[in-house]
Amino acid sequence: MPKGYSVRSYLAGATAARVGDEMSGPALLLAGLAVTGSATGASSLLAGITVAAAVGGPVLGALLDRAVRPGRLLACALALYAAGLAAILAGLGRLPTAWTVLLAVLTGLLGPALSGGWTAQLPRVAAAPRLPRANALDAMTFGAAALAGPALAGAAAEVLGASAAVVVAAALVAVAAPVAWRLPARTATALRARPAPVTAALAAGFRVVVRSPPLARATLVSVVCCAAQGMLTACVPLLGARVLGGAGRGALLFSCAAVSALAANAVLARHPRSVAPDTVVRLSALVQAAALALAATGRPVALLVAALVLGVGEGPQLTSLFAVRHREAPEHLRGQIFTTGASLKVTAFALGVAVAGPLATWSLPGALLTAAGTAAGAAFVGRSVGRWAGRESI
């Protein structure tokens, strides 16, 4: 570990980058709408920067695994992501919409650096005895970012203007780059391993996930749960309008979930070894299913309780997913496994939104119950896939 580098430095950099990432989506929506006046163009920017992560994640992870100093590659990715946000902002109203969307897609390719790419470096910062607690704290940065990012984007847009919100998001990501630059180098054992070509490394990473029952199970459960969370996201404006008295009030549900997720992860950070992470991943899917089913009742108090229960499921599941990956992933493929997992989750979330949008228009309770069934099914299907993966590895 470099002199002066600590888990606190890691967490500070991760928090800044992830808050900036959570700000960037709402900020681009607000800026796109303010500058162009087109809701379609604004939403296209968000879609472009999100969907591209599915492609960029595996490749970025393979490159991180091959780098002698992965922190420096990570820092470059963060700097380019910040520069991409600035370029999108500069192009709004000056370039055709198609060009700004293309800039968003290119920027989005680097998005997994802010999530899985950073988390993959944690074992080089925290020694094995401290890793479980550090892992829980790392997962808490996602919850903090989910709570603070959209709020900061809205506040910055209100006080300074929509374009300023994008600038603040880019600045937060850029501030994290020097912290990433100083991340520890790969171990001597990893350096002695002969790096495979990138294409071979990509195939090897997928094989590790498929052939490892714990990784296969945790990955599938988390990805399917992300699809259910995407379904809920599509329902939130309608829930706000029909249950809470205004479409905008639906955003309060995300805040409630983020707060309870932070609280649940704080408990895990104090007792990191109390329950096996594999068990938590599966049980958390059932907790989320119960929360989504409760939300389908359409009552204000039940809806708020459902949001709090949802966070209790989401927060520990993310922490435990990271714990399984850290435990099962070979060091020379850890970066790829983390970034590929992040890409799969983003894709599943987008698919969930796409599926639930029309369904919620037809029947809001039906869409929520579909989301609940999806989350519940994740726990049971994940167990079956884990057994299948075990047989494949024999």
# chains A, B, ... in the order shown; residues from 1 in each chain; ligands from 1
call {"tool": "residues_around", "arguments": {"residues": "Arg94 of chain A", "least_positions_apart": "5", "cutoff": "12 Å", "atoms": "only C-alpha atoms", "output": "MDAnalysis selection string"}}
result
chainID A and resid 32 35:36 87:89 99:100
call {"tool": "residues_around", "arguments": {"residues": "Thr340 of chain A", "least_positions_apart": "4", "cutoff": "7 Å", "atoms": "only C-alpha atoms", "output": "ChimeraX atom specification"}}
result
/A:57-58,336,344
call {"tool": "write_last_selection", "arguments": {"atoms": "all heavy atoms", "output": "short mmCIF file (atom, residue, chain, number, x, y, z; two decimals), in the first residue's frame"}}
result
data_model
loop_
_atom_site.label_atom_id
_atom_site.label_comp_id
_atom_site.auth_asym_id
_atom_site.auth_seq_id
_atom_site.Cartn_x
_atom_site.Cartn_y
_atom_site.Cartn_z
N GLY A 57 -18.10 -1.91 -19.87
CA GLY A 57 -17.70 -2.55 -18.63
C GLY A 57 -16.73 -3.70 -18.77
O GLY A 57 -15.64 -3.68 -18.18
N PRO A 58 -17.07 -4.73 -19.56
CA PRO A 58 -16.15 -5.87 -19.68
C PRO A 58 -14.78 -5.50 -20.23
O PRO A 58 -13.76 -5.98 -19.74
CB PRO A 58 -16.90 -6.82 -20.64
CG PRO A 58 -18.33 -6.46 -20.48
CD PRO A 58 -18.34 -4.97 -20.26
N GLN A 336 -12.36 -7.20 -14.22
CA GLN A 336 -13.33 -7.54 -15.26
C GLN A 336 -14.63 -8.06 -14.67
O GLN A 336 -15.72 -7.73 -15.14
CB GLN A 336 -12.74 -8.57 -16.21
CG GLN A 336 -13.65 -8.85 -17.40
CD GLN A 336 -13.24 -10.09 -18.15
OE1 GLN A 336 -12.10 -10.48 -18.11
NE2 GLN A 336 -14.20 -10.71 -18.82
N LEU A 344 -23.97 -5.61 -16.54
CA LEU A 344 -25.17 -6.45 -16.61
C LEU A 344 -26.31 -5.85 -15.79
O LEU A 344 -27.48 -5.88 -16.20
CB LEU A 344 -24.85 -7.85 -16.11
CG LEU A 344 -23.93 -8.70 -17.00
CD1 LEU A 344 -23.54 -9.99 -16.28
CD2 LEU A 344 -24.61 -9.01 -18.33
#
call {"tool": "closest_residue", "arguments": {"among": "A:Ala176, A:Ala126, A:Ala323, A:Leu308", "to": "Ala79 of chain A", "atoms": "only C-alpha atoms"}}
result
A:Ala176
call {"tool": "closest_residue", "arguments": {"among": "A:Val312, A:Leu215, A:Val355, A:Ala170", "to": "Leu78 of chain A", "atoms": "only C-alpha atoms"}}
result
A:Ala170
call {"tool": "residues_around", "arguments": {"residues": "segment 118-121 of chain A", "least_positions_apart": "4", "cutoff": "9 Å", "atoms": "only C-alpha atoms", "output": "list in words"}}
result
Tyr10, Ala14, Gly61, Pro70, Gly71, Leu74, Pro112, Ala113, Leu114, Val125, Asn135, Asp138, Ala139, Ala180, Leu183, Pro184, Phe322, Arg325, His326, Arg334, Gly335, Gln336, Ile337, Phe338 and Thr339 of chain A
call {"tool": "residues_around", "arguments": {"residues": "Gln229 of chain A", "least_positions_apart": "3", "cutoff": "9 Å", "atoms": "only C-alpha atoms", "output": "PyMOL selection string"}}
result
chain A and resi 224-226+232-234+288+349+352-353+371+375
call {"tool": "write_last_selection", "arguments": {"atoms": "all heavy atoms", "output": "compact mmCIF listing (two decimals), in the first residue's frame"}}
result
# COMPACT_ATOMS: atom_id res chain seq x y z
N VAL A 224 -31.25 -9.80 -11.79
CA VAL A 224 -32.71 -9.88 -11.88
C VAL A 224 -33.37 -8.88 -10.92
O VAL A 224 -34.39 -8.27 -11.26
CB VAL A 224 -33.18 -11.32 -11.61
CG1 VAL A 224 -34.71 -11.39 -11.61
CG2 VAL A 224 -32.63 -12.28 -12.66
N CYS A 225 -32.77 -8.71 -9.75
CA CYS A 225 -33.30 -7.70 -8.82
C CYS A 225 -33.19 -6.29 -9.41
O CYS A 225 -34.07 -5.45 -9.18
CB CYS A 225 -32.56 -7.77 -7.48
SG CYS A 225 -33.10 -9.12 -6.41
N CYS A 226 -32.14 -6.04 -10.18
CA CYS A 226 -32.01 -4.73 -10.83
C CYS A 226 -33.12 -4.53 -11.86
O CYS A 226 -33.60 -3.41 -12.04
CB CYS A 226 -30.64 -4.61 -11.50
SG CYS A 226 -29.43 -3.79 -10.47
N LEU A 232 -39.84 -0.73 -10.85
CA LEU A 232 -40.33 0.22 -9.85
C LEU A 232 -40.08 1.65 -10.31
O LEU A 232 -40.95 2.52 -10.16
CB LEU A 232 -39.66 -0.03 -8.50
CG LEU A 232 -39.96 1.01 -7.42
CD1 LEU A 232 -41.44 1.00 -7.06
CD2 LEU A 232 -39.10 0.77 -6.19
N THR A 233 -38.91 1.92 -10.85
CA THR A 233 -38.58 3.26 -11.30
C THR A 233 -39.59 3.77 -12.33
O THR A 233 -39.98 4.94 -12.30
CB THR A 233 -37.16 3.28 -11.90
OG1 THR A 233 -36.23 2.87 -10.90
CG2 THR A 233 -36.79 4.67 -12.39
N ALA A 234 -40.00 2.90 -13.24
CA ALA A 234 -40.99 3.30 -14.24
C ALA A 234 -42.33 3.61 -13.59
O ALA A 234 -43.12 4.39 -14.14
CB ALA A 234 -41.15 2.19 -15.28
N GLN A 288 -36.96 -7.47 -1.00
CA GLN A 288 -37.38 -6.53 -2.04
C GLN A 288 -38.72 -6.94 -2.64
O GLN A 288 -39.56 -6.09 -2.96
CB GLN A 288 -36.30 -6.46 -3.12
CG GLN A 288 -35.01 -5.81 -2.65
CD GLN A 288 -33.93 -5.83 -3.71
OE1 GLN A 288 -34.12 -5.34 -4.82
NE2 GLN A 288 -32.78 -6.40 -3.38
N PHE A 349 -31.54 -3.13 -15.49
CA PHE A 349 -32.33 -2.00 -15.00
C PHE A 349 -33.05 -1.32 -16.16
O PHE A 349 -34.26 -1.03 -16.08
CB PHE A 349 -31.43 -1.02 -14.28
CG PHE A 349 -32.16 0.13 -13.62
CD1 PHE A 349 -32.58 0.03 -12.30
CD2 PHE A 349 -32.40 1.30 -14.30
CE1 PHE A 349 -33.24 1.07 -11.70
CE2 PHE A 349 -33.07 2.35 -13.71
CZ PHE A 349 -33.49 2.24 -12.40
N GLY A 352 -35.87 -3.42 -17.37
CA GLY A 352 -37.00 -3.35 -16.44
C GLY A 352 -37.83 -2.10 -16.65
O GLY A 352 -39.07 -2.16 -16.64
N VAL A 353 -37.15 -0.98 -16.85
CA VAL A 353 -37.87 0.28 -17.12
C VAL A 353 -38.68 0.16 -18.40
O VAL A 353 -39.85 0.55 -18.47
CB VAL A 353 -36.87 1.45 -17.23
CG1 VAL A 353 -37.59 2.72 -17.69
CG2 VAL A 353 -36.19 1.70 -15.88
N ALA A 371 -43.06 -6.72 -10.78
CA ALA A 371 -41.74 -6.45 -10.22
C ALA A 371 -41.49 -7.31 -8.99
O ALA A 371 -40.39 -7.85 -8.79
CB ALA A 371 -41.62 -4.97 -9.86
N ALA A 375 -38.47 -10.11 -8.48
CA ALA A 375 -37.51 -10.14 -7.38
C ALA A 375 -37.58 -11.46 -6.63
O ALA A 375 -36.55 -12.04 -6.26
CB ALA A 375 -37.76 -8.97 -6.43
call {"tool": "select_by_dssp", "arguments": {"residues": "segment 108-244 of chain A", "states": "helix (DSSP H, G or I)", "output": "ChimeraX atom specification"}}
result
/A:108,111-114,116-119,122-124,128-160,162-181,188-192,198-211,213-243
call {"tool": "atom_distance", "arguments": {"atom1": "atom CA of Phe380 of chain A", "atom2": "atom CA of Ala350 of chain A"}}
result
22.4 Å
call {"tool": "closest_residue", "arguments": {"among": "A:Ala128, A:Leu321, A:Ala31, A:Ala293", "to": "Thr370 of chain A", "atoms": "only C-alpha atoms"}}
result
A:Ala293
call {"tool": "closest_residue", "arguments": {"among": "A:Val68, A:Ala47, A:Ala378, A:Leu369", "to": "Ala291 of chain A", "atoms": "only C-alpha atoms"}}
result
A:Leu369
call {"tool": "atom_distance", "arguments": {"atom1": "atom CA of Gly366 of chain A", "atom2": "atom CA of Ala296 of chain A"}}
result
7.6 Å
call {"tool": "atom_distance", "arguments": {"atom1": "atom CA of Leu102 of chain A", "atom2": "atom CA of Val19 of chain A"}}
result
23.4 Å
call {"tool": "closest_residue", "arguments": {"among": "A:Leu109, A:Cys256, A:Val209, A:Val243", "to": "Pro330 of chain A", "atoms": "only C-alpha atoms"}}
result
A:Val209
call {"tool": "residues_around", "arguments": {"residues": "segment 297-307 of chain A", "least_positions_apart": "4", "cutoff": "12 Å", "atoms": "only C-alpha atoms", "output": "JSON, numbers by chain"}}
result
{"A": [229, 232, 233, 235, 236, 238, 239, 240, 241, 242, 243, 244, 245, 249, 250, 251, 252, 253, 254, 255, 256, 257, 258, 259, 260, 261, 287, 288, 289, 290, 291, 292, 293, 311, 312, 313, 314, 363, 364, 365, 366, 367, 368, 369, 372]}
